[in-house]
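The structure file model31.cif is reproduced below (mmCIF, C-alpha atoms).
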```cif
data_my_file
loop_
_atom_site.label_atom_id
_atom_site.label_comp_id
_atom_site.auth_asym_id
_atom_site.auth_seq_id
_atom_site.Cartn_x
_atom_site.Cartn_y
_atom_site.Cartn_z
CA MET P 38 29.57 54.41 -86.28
CA LEU P 39 28.41 57.40 -88.30
CA ILE P 40 24.77 57.43 -89.40
CA ASP P 41 24.53 59.98 -92.19
CA ASN P 42 22.22 61.16 -94.95
CA ALA P 43 19.30 61.20 -92.52
CA THR P 44 16.41 63.43 -91.56
CA LEU P 45 16.67 63.48 -87.79
CA VAL P 46 13.48 63.70 -85.72
CA THR P 47 14.81 64.77 -82.33
CA TRP P 48 11.66 64.57 -80.18
CA GLY P 49 12.32 66.03 -76.72
CA SER P 50 10.91 69.34 -75.52
CA ASP P 51 12.39 71.12 -78.55
CA LEU P 52 11.22 68.94 -81.46
CA ARG P 53 13.23 69.55 -84.62
CA LEU P 54 13.44 67.92 -88.04
CA LEU P 55 17.02 68.20 -89.27
CA HIS P 56 17.49 67.36 -92.95
CA ASP P 57 20.70 65.83 -94.34
CA HIS P 58 22.10 65.36 -90.87
CA ALA P 59 24.26 62.73 -89.21
CA LEU P 60 24.78 61.08 -85.82
CA LEU P 61 28.04 59.75 -84.45
CA LEU P 62 27.47 56.77 -82.14
CA GLN P 63 30.14 55.85 -79.63
CA ASP P 64 29.98 53.53 -76.61
CA GLY P 65 26.24 53.11 -77.06
CA ARG P 66 25.47 56.83 -76.99
CA ILE P 67 25.08 59.72 -79.39
CA ALA P 68 28.51 61.36 -79.30
CA ALA P 69 27.82 64.09 -81.86
CA MET P 70 25.16 65.29 -84.31
CA GLY P 71 25.24 67.82 -87.11
CA PRO P 72 25.11 68.25 -90.90
CA SER P 73 26.22 65.11 -92.75
CA MET P 74 29.08 66.77 -94.63
CA ALA P 75 30.51 68.33 -91.47
CA LEU P 76 30.47 65.07 -89.49
CA ARG P 77 31.95 63.06 -92.36
CA ARG P 78 34.86 65.51 -92.48
CA ARG P 79 35.28 65.51 -88.71
CA TYR P 80 35.19 61.70 -88.36
CA PRO P 81 36.63 60.32 -91.61
CA GLU P 82 37.62 56.98 -90.06
CA ALA P 83 34.20 56.15 -88.60
CA PRO P 84 32.29 53.29 -90.29
CA VAL P 85 29.28 54.77 -92.11
CA LEU P 86 25.67 53.58 -92.04
CA ASP P 87 23.86 55.41 -94.84
CA ALA P 88 20.26 56.26 -93.88
CA ASP P 89 19.47 57.02 -97.54
CA GLY P 90 17.33 60.02 -96.65
CA GLN P 91 15.10 58.10 -94.22
CA LEU P 92 13.74 59.55 -91.01
CA VAL P 93 15.88 58.63 -88.01
CA LEU P 94 14.12 59.03 -84.69
CA PRO P 95 14.17 57.62 -81.16
CA GLY P 96 12.74 54.13 -80.83
CA ASN P 97 9.15 53.77 -79.67
CA ILE P 98 8.41 53.02 -76.02
CA CYS P 99 5.59 50.88 -74.60
CA ALA P 100 4.41 51.84 -71.11
CA HIS P 101 2.43 48.64 -70.32
CA THR P 102 2.41 45.22 -71.96
CA HIS P 103 2.10 41.48 -71.26
CA PHE P 104 4.58 39.43 -73.28
CA TYR P 105 2.81 36.16 -72.48
CA GLY P 106 -0.38 37.44 -74.15
CA ALA P 107 1.24 36.82 -77.54
CA LEU P 108 0.65 33.08 -77.15
CA ALA P 109 -3.13 33.60 -77.06
CA ARG P 110 -3.16 34.80 -80.67
CA GLY P 111 -5.77 32.75 -82.56
CA MET P 112 -6.88 30.79 -79.48
CA ALA P 113 -10.59 30.02 -79.27
CA ILE P 114 -12.34 30.28 -75.91
CA PRO P 115 -14.65 27.24 -75.50
CA GLY P 116 -18.33 27.90 -74.98
CA PRO P 117 -20.30 31.08 -75.63
CA PRO P 118 -18.35 34.31 -76.05
CA PRO P 119 -17.48 36.01 -72.74
CA ALA P 120 -20.12 38.60 -71.92
CA ASP P 121 -17.88 41.05 -70.08
CA PHE P 122 -14.32 41.68 -68.94
CA PRO P 123 -14.52 39.62 -65.72
CA GLN P 124 -15.53 36.62 -67.85
CA ILE P 125 -12.60 37.28 -70.20
CA LEU P 126 -10.26 37.19 -67.21
CA GLN P 127 -11.79 34.03 -65.78
CA ARG P 128 -12.07 32.07 -69.02
CA LEU P 129 -9.03 33.29 -70.98
CA TRP P 130 -6.27 35.09 -69.12
CA TRP P 131 -6.19 33.52 -65.67
CA PRO P 132 -6.23 29.94 -67.02
CA LEU P 133 -3.49 30.94 -69.51
CA ASP P 134 -1.41 32.37 -66.64
CA ARG P 135 -1.70 29.03 -64.83
CA ALA P 136 -0.76 27.07 -67.95
CA LEU P 137 2.57 28.83 -68.51
CA ASP P 138 5.80 26.95 -67.87
CA ALA P 139 9.43 27.98 -68.31
CA ASP P 140 9.54 27.16 -72.02
CA SER P 141 6.33 29.02 -72.85
CA ILE P 142 7.43 32.03 -70.78
CA ARG P 143 10.69 32.16 -72.74
CA LEU P 144 9.03 31.80 -76.13
CA SER P 145 6.27 34.26 -75.34
CA ALA P 146 8.97 36.80 -74.53
CA LEU P 147 10.98 36.01 -77.65
CA VAL P 148 8.04 36.28 -80.07
CA SER P 149 7.07 39.59 -78.45
CA LEU P 150 10.63 40.88 -78.73
CA VAL P 151 10.82 39.90 -82.41
CA ASP P 152 7.59 41.83 -82.90
CA ALA P 153 9.01 44.83 -81.03
CA ILE P 154 12.22 44.97 -83.07
CA LYS P 155 10.32 44.74 -86.36
CA HIS P 156 7.94 47.50 -85.29
CA GLY P 157 10.59 49.85 -83.92
CA THR P 158 9.68 49.54 -80.23
CA THR P 159 12.92 49.61 -78.26
CA THR P 160 11.79 49.92 -74.61
CA LEU P 161 8.94 47.90 -73.08
CA ILE P 162 7.43 47.79 -69.59
CA ASP P 163 6.13 44.26 -69.03
CA HIS P 164 3.70 42.95 -66.43
CA HIS P 165 4.08 39.18 -66.00
CA ALA P 166 2.07 36.37 -64.36
CA SER P 167 2.64 32.58 -64.35
CA ALA P 168 1.04 31.03 -61.26
CA ASN P 169 2.68 27.61 -61.64
CA CYS P 170 6.12 28.91 -62.62
CA ILE P 171 6.86 31.96 -60.48
CA GLU P 172 10.37 31.63 -59.09
CA GLY P 173 12.91 32.65 -61.72
CA SER P 174 10.24 33.61 -64.27
CA LEU P 175 11.51 37.19 -64.49
CA ASP P 176 15.05 35.94 -65.14
CA ILE P 177 13.75 33.91 -68.08
CA ILE P 178 12.23 37.08 -69.54
CA ALA P 179 15.29 39.19 -68.70
CA ASP P 180 17.56 36.68 -70.48
CA ALA P 181 15.34 36.91 -73.58
CA VAL P 182 15.45 40.71 -73.47
CA GLU P 183 19.24 40.64 -73.32
CA GLN P 184 19.40 38.11 -76.14
CA ALA P 185 17.22 40.39 -78.28
CA GLY P 186 19.20 43.49 -77.34
CA LEU P 187 16.15 45.52 -76.37
CA ARG P 188 15.47 47.49 -73.19
CA ALA P 189 12.75 46.42 -70.71
CA VAL P 190 11.29 47.01 -67.26
CA LEU P 191 9.97 43.81 -65.64
CA CYS P 192 7.80 42.84 -62.70
CA TYR P 193 5.60 39.99 -61.45
CA GLU P 194 1.93 40.70 -60.78
CA VAL P 195 1.22 39.67 -57.18
CA THR P 196 -2.32 38.32 -56.71
CA ASP P 197 -4.36 36.33 -54.20
CA ARG P 198 -6.33 34.50 -56.89
CA ASP P 199 -4.00 31.46 -56.69
CA GLY P 200 -3.69 31.28 -52.92
CA PRO P 201 -1.43 32.75 -50.24
CA GLU P 202 1.65 30.67 -51.08
CA ARG P 203 1.73 31.90 -54.66
CA ALA P 204 1.06 35.47 -53.51
CA ALA P 205 4.12 35.19 -51.28
CA ALA P 206 6.11 33.72 -54.18
CA GLY P 207 5.11 36.66 -56.37
CA ILE P 208 6.31 39.13 -53.75
CA ALA P 209 9.60 37.26 -53.49
CA GLU P 210 10.08 37.22 -57.26
CA ASN P 211 9.62 40.99 -57.47
CA LEU P 212 12.06 41.56 -54.63
CA ARG P 213 14.61 39.16 -56.12
CA LEU P 214 14.68 40.92 -59.50
CA LEU P 215 14.78 44.35 -57.86
CA GLN P 216 18.03 43.25 -56.26
CA ALA P 217 19.42 41.43 -59.31
CA ALA P 218 18.49 43.91 -62.06
CA GLY P 219 21.38 46.19 -61.16
CA GLY P 220 23.67 43.75 -62.92
CA ARG P 221 21.71 43.92 -66.18
CA GLU P 222 22.39 47.01 -68.28
CA ARG P 223 19.19 46.95 -70.36
CA VAL P 224 16.81 45.43 -67.80
CA ALA P 225 15.22 47.35 -64.93
CA ALA P 226 12.66 46.21 -62.37
CA THR P 227 9.63 47.45 -60.51
CA PHE P 228 7.07 45.81 -58.17
CA GLY P 229 3.99 44.31 -59.82
CA LEU P 230 0.48 43.93 -58.44
CA HIS P 231 -2.40 42.49 -60.45
CA ALA P 232 -5.40 44.63 -59.42
CA GLY P 233 -7.29 45.54 -56.30
CA LEU P 234 -10.06 43.05 -57.10
CA THR P 235 -7.67 40.07 -56.63
CA LEU P 236 -5.71 41.45 -53.68
CA GLY P 237 -6.85 41.18 -50.07
CA ASP P 238 -5.84 43.62 -47.35
CA GLU P 239 -3.33 41.22 -45.80
CA THR P 240 -1.41 40.81 -49.06
CA LEU P 241 -1.50 44.54 -49.76
CA ARG P 242 -0.09 45.20 -46.30
CA ARG P 243 2.71 42.67 -46.86
CA CYS P 244 3.53 44.26 -50.22
CA ALA P 245 3.63 47.74 -48.69
CA ASP P 246 5.80 46.55 -45.80
CA GLN P 247 8.31 44.86 -48.13
CA LEU P 248 8.35 47.45 -50.90
CA PRO P 249 11.88 48.86 -51.00
CA GLN P 250 12.50 52.57 -50.51
CA GLY P 251 12.12 54.53 -53.76
CA VAL P 252 10.27 51.74 -55.59
CA GLY P 253 6.72 52.17 -56.89
CA VAL P 254 4.16 49.60 -58.00
CA HIS P 255 2.83 48.64 -61.43
CA VAL P 256 -0.86 47.73 -61.11
CA HIS P 257 -4.10 47.57 -63.11
CA VAL P 258 -6.56 50.19 -61.85
CA ALA P 259 -10.32 50.32 -62.54
CA GLU P 260 -10.04 48.70 -65.96
CA HIS P 261 -13.69 47.62 -65.49
CA GLU P 262 -16.43 48.62 -63.05
CA ALA P 263 -15.93 45.28 -61.27
CA ASP P 264 -12.70 46.62 -59.74
CA GLN P 265 -14.57 49.53 -58.15
CA LEU P 266 -17.46 47.38 -56.94
CA ASP P 267 -15.06 44.91 -55.34
CA SER P 268 -13.12 47.71 -53.64
CA LEU P 269 -16.27 49.31 -52.26
CA GLN P 270 -17.48 45.96 -50.89
CA ARG P 271 -14.13 45.19 -49.26
CA SER P 272 -13.35 48.59 -47.79
CA GLY P 273 -16.04 51.16 -48.47
CA LEU P 274 -13.42 52.96 -50.57
CA ARG P 275 -12.88 53.22 -54.31
CA VAL P 276 -9.78 51.55 -55.77
CA VAL P 277 -7.33 54.45 -55.71
CA PRO P 278 -7.95 55.52 -52.09
CA ARG P 279 -7.99 51.87 -50.97
CA LEU P 280 -4.48 51.32 -52.35
CA ASP P 281 -3.45 54.70 -50.99
CA ARG P 282 -4.46 53.57 -47.50
CA PHE P 283 -1.57 51.09 -47.67
CA GLY P 284 0.91 53.71 -48.88
CA LEU P 285 1.37 52.01 -52.25
CA TRP P 286 1.12 55.13 -54.41
CA ARG P 287 4.73 56.16 -54.42
CA PRO P 288 6.45 58.27 -57.09
CA GLY P 289 7.33 56.03 -60.01
CA SER P 290 4.20 53.88 -59.67
CA ILE P 291 2.27 52.99 -62.84
CA ALA P 292 -1.53 52.81 -62.77
CA ALA P 293 -2.61 50.93 -65.90
CA HIS P 294 -5.92 51.77 -67.61
CA CYS P 295 -7.80 53.96 -65.06
CA VAL P 296 -10.89 53.68 -67.27
CA HIS P 297 -13.38 53.94 -64.40
CA THR P 298 -11.63 56.33 -62.03
CA ASP P 299 -13.41 59.48 -60.93
CA ALA P 300 -12.03 63.01 -60.67
CA ALA P 301 -11.07 62.65 -57.00
CA GLU P 302 -9.11 59.47 -57.73
CA ARG P 303 -7.30 61.07 -60.63
CA GLU P 304 -6.41 64.04 -58.44
CA MET P 305 -5.00 61.69 -55.80
CA LEU P 306 -2.90 59.83 -58.38
CA GLN P 307 -1.53 63.13 -59.66
CA GLU P 308 -0.69 64.31 -56.13
CA ARG P 309 1.17 61.05 -55.45
CA GLY P 310 3.30 61.31 -58.60
CA VAL P 311 1.77 58.24 -60.30
CA TRP P 312 2.14 57.58 -64.02
CA ILE P 313 -0.99 56.54 -65.95
CA SER P 314 -0.79 54.13 -68.88
CA HIS P 315 -3.51 54.17 -71.53
CA GLN P 316 -4.18 51.11 -73.73
CA PRO P 317 -6.94 52.04 -76.20
CA ARG P 318 -6.87 48.94 -78.42
CA SER P 319 -7.19 46.63 -75.42
CA ASN P 320 -9.95 48.75 -73.88
CA MET P 321 -11.91 48.56 -77.13
CA ASN P 322 -11.27 44.82 -77.50
CA ASN P 323 -12.47 44.11 -73.96
CA GLY P 324 -15.43 46.47 -74.22
CA VAL P 325 -14.54 48.20 -70.95
CA GLY P 326 -15.03 51.80 -72.07
CA ALA P 327 -12.76 54.78 -72.61
CA ALA P 328 -10.69 56.58 -70.00
CA ALA P 329 -11.11 60.31 -69.39
CA LEU P 330 -8.02 60.95 -71.48
CA ASP P 331 -8.64 64.59 -72.34
CA ALA P 332 -9.39 65.50 -68.73
CA MET P 333 -6.21 63.78 -67.55
CA LEU P 334 -4.05 65.46 -70.18
CA ALA P 335 -5.66 68.84 -69.55
CA ALA P 336 -4.81 68.49 -65.86
CA GLY P 337 -1.18 67.83 -66.74
CA MET P 338 -1.24 64.22 -65.57
CA PRO P 339 1.67 62.10 -66.88
CA VAL P 340 -0.40 59.85 -69.15
CA CYS P 341 1.62 57.35 -71.18
CA LEU P 342 0.75 54.90 -73.94
CA GLY P 343 0.93 51.11 -73.67
CA ASN P 344 -0.43 48.20 -75.67
CA ASP P 345 -1.52 45.62 -73.02
CA GLY P 346 -0.01 42.83 -75.12
CA MET P 347 -2.01 43.65 -78.26
CA GLY P 348 1.19 43.79 -80.35
CA ASN P 349 4.13 46.15 -80.44
CA ASN P 350 3.13 48.40 -83.31
CA MET P 351 2.88 51.51 -81.15
CA TRP P 352 1.74 53.71 -84.04
CA ALA P 353 -1.40 51.55 -84.19
CA GLU P 354 -1.91 52.50 -80.55
CA TRP P 355 -1.46 56.20 -81.44
CA LYS P 356 -4.18 55.86 -84.07
CA ALA P 357 -6.55 53.98 -81.78
CA ALA P 358 -6.21 56.62 -79.07
CA TYR P 359 -6.74 59.39 -81.61
CA LEU P 360 -9.99 57.82 -82.88
CA LEU P 361 -11.46 56.16 -79.78
CA HIS P 362 -12.08 59.33 -77.82
CA LYS P 363 -13.59 61.16 -80.77
CA VAL P 364 -16.24 58.51 -81.31
CA THR P 365 -17.00 57.91 -77.62
CA GLY P 366 -17.21 61.65 -76.95
CA ARG P 367 -19.00 62.43 -80.23
CA ASP P 368 -16.52 65.30 -80.53
CA PRO P 369 -13.76 65.49 -83.19
CA ARG P 370 -11.78 67.85 -80.93
CA ARG P 371 -11.06 65.05 -78.45
CA ALA P 372 -7.56 63.52 -78.24
CA PRO P 373 -5.88 65.90 -80.71
CA GLY P 374 -2.77 64.75 -82.52
CA ASP P 375 -0.36 66.92 -80.56
CA ALA P 376 -1.73 65.53 -77.29
CA ILE P 377 -1.30 61.96 -78.55
CA ALA P 378 2.30 62.77 -79.50
CA ARG P 379 2.98 64.32 -76.09
CA MET P 380 1.66 61.20 -74.39
CA ALA P 381 3.34 58.61 -76.62
CA ALA P 382 6.68 60.32 -77.25
CA LEU P 383 7.42 62.75 -74.42
CA ASN P 384 5.62 61.13 -71.48
CA ASN P 385 6.69 57.61 -72.43
CA ALA P 386 10.28 58.80 -72.69
CA ALA P 387 10.11 60.48 -69.28
CA LEU P 388 8.74 57.25 -67.77
CA ALA P 389 11.53 55.20 -69.37
CA ARG P 390 14.12 57.61 -68.00
CA HIS P 391 12.72 57.05 -64.50
CA PHE P 392 13.78 53.41 -64.78
CA PHE P 393 16.96 54.07 -66.75
CA PRO P 394 18.27 57.25 -65.09
CA GLY P 395 20.94 59.15 -66.97
CA SER P 396 20.05 57.47 -70.26
CA GLN P 397 18.09 60.32 -71.91
CA VAL P 398 15.96 57.65 -73.62
CA GLY P 399 13.52 58.94 -76.24
CA GLU P 400 15.47 61.92 -77.56
CA LEU P 401 18.16 62.57 -80.15
CA THR P 402 20.70 64.75 -78.39
CA PRO P 403 24.43 64.39 -77.67
CA GLY P 404 24.88 62.16 -74.65
CA ALA P 405 21.59 60.28 -75.06
CA VAL P 406 21.60 56.51 -75.45
CA ALA P 407 21.53 55.46 -79.10
CA ASP P 408 18.08 53.83 -79.21
CA LEU P 409 17.09 54.64 -82.80
CA ILE P 410 14.88 53.53 -85.65
CA PHE P 411 14.99 54.29 -89.38
CA VAL P 412 11.59 54.95 -90.99
CA ASP P 413 11.30 54.87 -94.77
CA TYR P 414 8.60 57.52 -94.98
CA ARG P 415 8.66 59.63 -98.13
CA PRO P 416 6.02 62.34 -97.62
CA PHE P 417 4.14 63.81 -100.56
CA THR P 418 2.98 66.82 -98.54
CA PRO P 419 5.13 69.17 -96.41
CA LEU P 420 6.51 67.57 -93.25
CA HIS P 421 7.77 69.72 -90.38
CA ALA P 422 7.83 69.78 -86.60
CA GLY P 423 4.40 71.40 -86.43
CA ASN P 424 2.56 68.70 -88.36
CA LEU P 425 4.62 65.59 -87.57
CA PRO P 426 1.97 64.06 -85.25
CA TRP P 427 -0.58 64.04 -88.05
CA HIS P 428 1.89 62.52 -90.51
CA ILE P 429 2.44 59.73 -87.97
CA LEU P 430 -1.31 59.26 -87.43
CA PHE P 431 -2.28 59.29 -91.10
CA GLY P 432 0.90 58.27 -92.92
CA PHE P 433 3.23 56.11 -90.85
CA GLU P 434 2.97 52.32 -91.05
CA ALA P 435 4.99 49.84 -89.01
CA SER P 436 6.22 48.24 -92.25
CA MET P 437 8.19 51.45 -92.87
CA VAL P 438 10.62 50.63 -90.03
CA THR P 439 13.78 49.36 -91.74
CA THR P 440 16.45 49.51 -89.01
CA THR P 441 16.31 49.22 -85.22
CA ILE P 442 19.26 50.12 -82.98
CA VAL P 443 19.47 49.92 -79.17
CA GLN P 444 22.39 51.35 -77.26
CA GLY P 445 24.35 51.52 -80.50
CA GLN P 446 23.78 47.84 -81.33
CA ILE P 447 22.03 47.15 -84.63
CA LEU P 448 19.17 44.70 -83.95
CA MET P 449 17.59 44.94 -87.40
CA LYS P 450 19.17 46.28 -90.58
CA GLU P 451 17.21 46.77 -93.79
CA ARG P 452 14.38 44.69 -92.25
CA GLN P 453 16.69 41.74 -91.46
CA LEU P 454 16.82 40.77 -87.77
CA LEU P 455 20.37 40.31 -86.52
CA THR P 456 20.02 39.20 -82.90
CA LEU P 457 17.03 36.84 -83.10
CA ASP P 458 16.14 34.08 -85.55
CA GLU P 459 12.51 34.89 -86.27
CA ARG P 460 11.72 31.71 -88.21
CA ALA P 461 13.24 29.41 -85.60
CA ILE P 462 11.44 31.22 -82.76
CA ALA P 463 8.10 31.09 -84.58
CA ALA P 464 8.55 27.38 -85.36
CA ALA P 465 9.40 26.58 -81.74
CA ALA P 466 6.38 28.54 -80.52
CA CYS P 467 4.07 26.78 -83.00
CA GLU P 468 5.31 23.42 -81.72
CA LEU P 469 4.85 24.38 -78.07
CA VAL P 470 1.56 26.28 -78.11
CA PRO P 471 -0.95 23.41 -78.76
CA ALA P 472 0.00 21.79 -75.44
CA LEU P 473 -0.18 25.19 -73.73
CA TRP P 474 -3.68 25.71 -75.10
CA GLN P 475 -4.73 22.26 -73.86
CA ARG P 476 -3.50 23.10 -70.37
CA GLN P 477 -5.28 26.45 -70.56
CA ALA P 478 -8.56 24.75 -71.50
CA ALA P 479 -8.20 22.27 -68.65
CA PHE P 480 -7.63 25.05 -66.12
CA ALA P 481 -10.61 26.96 -67.55
CA ARG P 482 -12.89 23.91 -67.18
CA ALA P 483 -11.65 23.25 -63.65
CA ALA P 484 -12.43 26.81 -62.62
CA HIS P 485 -16.05 26.50 -63.76
#
```
Render the structure in this file as structure tokens.
Amino acid sequence: MLIDNATLVTWGSDLRLLHDHALLLQDGRIAAMGPSMALRRRYPEAPVLDADGQLVLPGNICAHTHFYGALARGMAIPGPPPADFPQILQRLWWPLDRALDADSIRLSALVSLVDAIKHGTTTLIDHHASANCIEGSLDIIADAVEQAGLRAVLCYEVTDRDGPERAAAGIAENLRLLQAAGGRERVAATFGLHAGLTLGDETLRRCADQLPQGVGVHVHVAEHEADQLDSLQRSGLRVVPRLDRFGLWRPGSIAAHCVHTDAAEREMLQERGVWISHQPRSNMNNGVGAAALDAMLAAGMPVCLGNDGMGNNMWAEWKAAYLLHKVTGRDPRRAPGDAIARMAALNNAALARHFFPGSQVGELTPGAVADLIFVDYRPFTPLHAGNLPWHILFGFEASMVTTTIVQGQILMKERQLLTLDERAIAAAACELVPALWQRQAAFARAAH
């Protein structure tokens, strides 16, 4: 397939905007790129997809999400509003985890994947929990990812909050998918842990002992002060050194949030080769504070951008990160646009390539996988490589995504989804969710 009449946004270390250019896609990869006229002459038999002057750029990547969180949209939490993040966990998320069954896991994944395709997010790193439906839960999600045609990295968050048998089942589910994912072209796996505050030393030791060679962990770190207080009470150590004591910080690990880490912890994470994922909308929603983003970026830490299940419009996450740190720091120089772009485009792409080696995800270059989006953005001021981040921050809207392609397969064309039936999925979810919410409320009452 020849995509022509496009303005290519290459990303990568050498960002270029190439006007009236074309891409030849073959076997799921970019086989050639160059001026439209030249490629049309060179490949006259190739079917043509006319971009009509739109921007064509690599699909967005999400470094940390929770698909199942989509089914909490609009759900009321009984009683007075939660006063802090630990109460949000205890009264909303942990009872919802327990309420999930196979059908709700599948539909939560499907509605999230519909949302991702529509918003131009082509690779997602999910962090799953379903205490009463653990075995096979990651296969349910993987099947949905393959049905959608997207690319995802999956894991199960091991925790002690539901007892030792379920902790053991979570470990087994991670290990099972790590073995099975090799047979799935667009699904990769890692090893999930919930957070230090719900993991005892015995379970951490078992995870470390069973963690395969070359595999890191995906874990929430110091999202709220409660994680640090718990760690200090258990071990006399802060969260990062406590997990380090078990040898869990291996290259390829993802530390989500890191809102309340100190400089020594951040230095340790950097020395261990750990990726950091930043979720500004979630941090604001939960009232947990703002991570030391500028300090981490200035130190050269590989900080990436996730959404924590808040929805797959990643440009909204760009904008939240850009604004949050300015207001919390009372300094308009914080979180500059080029730093946000480096985090969301370059670092996210590098993280995705760790899980999909040889794919060159996140860049338009010959040989890279053809994970692309068309954006119908018609600027009324000059647009070039030097000011692209600020056009994204102040001009791009998710509604401008018209076409989404993953590995050369068109998932959405001219805003029409081709691999998923959005209306049928939404109707099925609407029918299922009331019973899910009733189970959630019952678990919440039983816990208190």
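Summary of the local environment: counting all atoms listed in the file, residues at most 12 Å from Asp64 of chain P, other than itself and those fewer than 6 positions away along its chain, are P:Met38, P:Gly404, P:Ala405, P:Val406, P:Ala407, P:Val443, P:Gln444, P:Gly445, P:Gln446.
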Expected selection from the PyMOL selection byres ((chain P and resi 266-280) around 9), given as a list in words: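 Answer for the PyMOL selection byres ((chain P and resi 266-280) around 9): Ala232, Gly233, Leu234, Thr235, Gly237, Asp238, Leu241, Val258, Ala259, Glu262, Ala263, Asp264, Gln265, Asp281, Arg282, Phe283, Gly284, Leu285, Trp286, Thr298, Glu302, Arg303, Met305 and Leu306 of chain P.
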Step by step, work through what the PyMOL selection byres ((chain P and resi 60) around 6) selects in the shown file, and finish by giving those residues as a list in words.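 After applying the PyMOL selection byres ((chain P and resi 60) around 6), what remains is Leu39, Ile40, Ala59, Leu61, Ala69 and Met70 of chain P.
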Can you tell me which residues surround Pro132 of chain P at a distance of at most 7 Å, considering all atoms listed in the file, apart from same-chain residues fewer than 6 positions away, and format the answer as a PyMOL selection string? chain P and resi 477+480-481
Need the shell around Asp375 of chain P: protein/DNA/RNA residues with any atom at most 10 Å away, counting only C-alpha atoms. Skip same-chain ones fewer than 3 positions apart. Format as a PyMOL selection string? chain P and resi 359+372+378-381+423-427
Would you mind listing what lies within 8 Å of segment 92-101 of chain P as a VMD selection string, with all atoms listed in the file counted and same-chain residues fewer than 3 positions away left out? chain P and resid 43 to 48 88 157 to 164 293 314 316 341 to 346 349 351 381 to 382 385 to 386 388 to 389 398 to 401 407 to 414 441 to 442
For the provided coordinates, the residues matched by the PyMOL selection byres ((chain P and resi 154) around 8) should be stated as a PyMOL selection string. chain P and resi 150-153+155-159+187+441+448-449+454
Using all atoms listed in the file for the distances, tell me which of P:Gly116, P:Pro339, P:Ala478, P:Ala422 is nearest to Trp130 of chain P. P:Ala478
Which of these residues is nearest to Ala146 of chain P, using all atoms listed in the file: P:Ala107, P:Ala120, P:Ala465, P:Ile447? P:Ala107
Any idea what the distance is between atom CA of Arg318 of chain P and atom CA of Phe122 of chain P? 14.1 Å
With all atoms of segment 287-293 of chain P from the file as input, state the centre and edge lengths in Å to one decimal of the axis-aligned box that has 8 Å extra on each side, as AutoDock Vina command-line options.
```
--center_x 2.4 --center_y 54.6 --center_z -60.2 --size_x 25.9 --size_y 23.3 --size_z 27.5
```
For the atom pair atom CA of Thr365 of chain P and atom CA of Glu308 of chain P, what is the interatomic distance in Å to one decimal place?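 Calculated distance between atom CA of Thr365 of chain P and atom CA of Glu308 of chain P is 27.7 Å.
Nearest to Asn211 of chain P of all the residues P:Gln184, P:Ser174, P:Thr102, P:Asn320 is P:Ser174, counting all atoms listed in the file.
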Using only C-alpha atoms: which of P:Met437, P:Pro81, P:Leu133, P:Gly289 has the shortest distance to Ala387 of chain P: P:Gly289
Would you mind reading off the distance between atom CA of Glu183 of chain P and atom CA of Leu455 of chain P, one decimal, in Å?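 Between atom CA of Glu183 of chain P and atom CA of Leu455 of chain P the gap is 13.3 Å.
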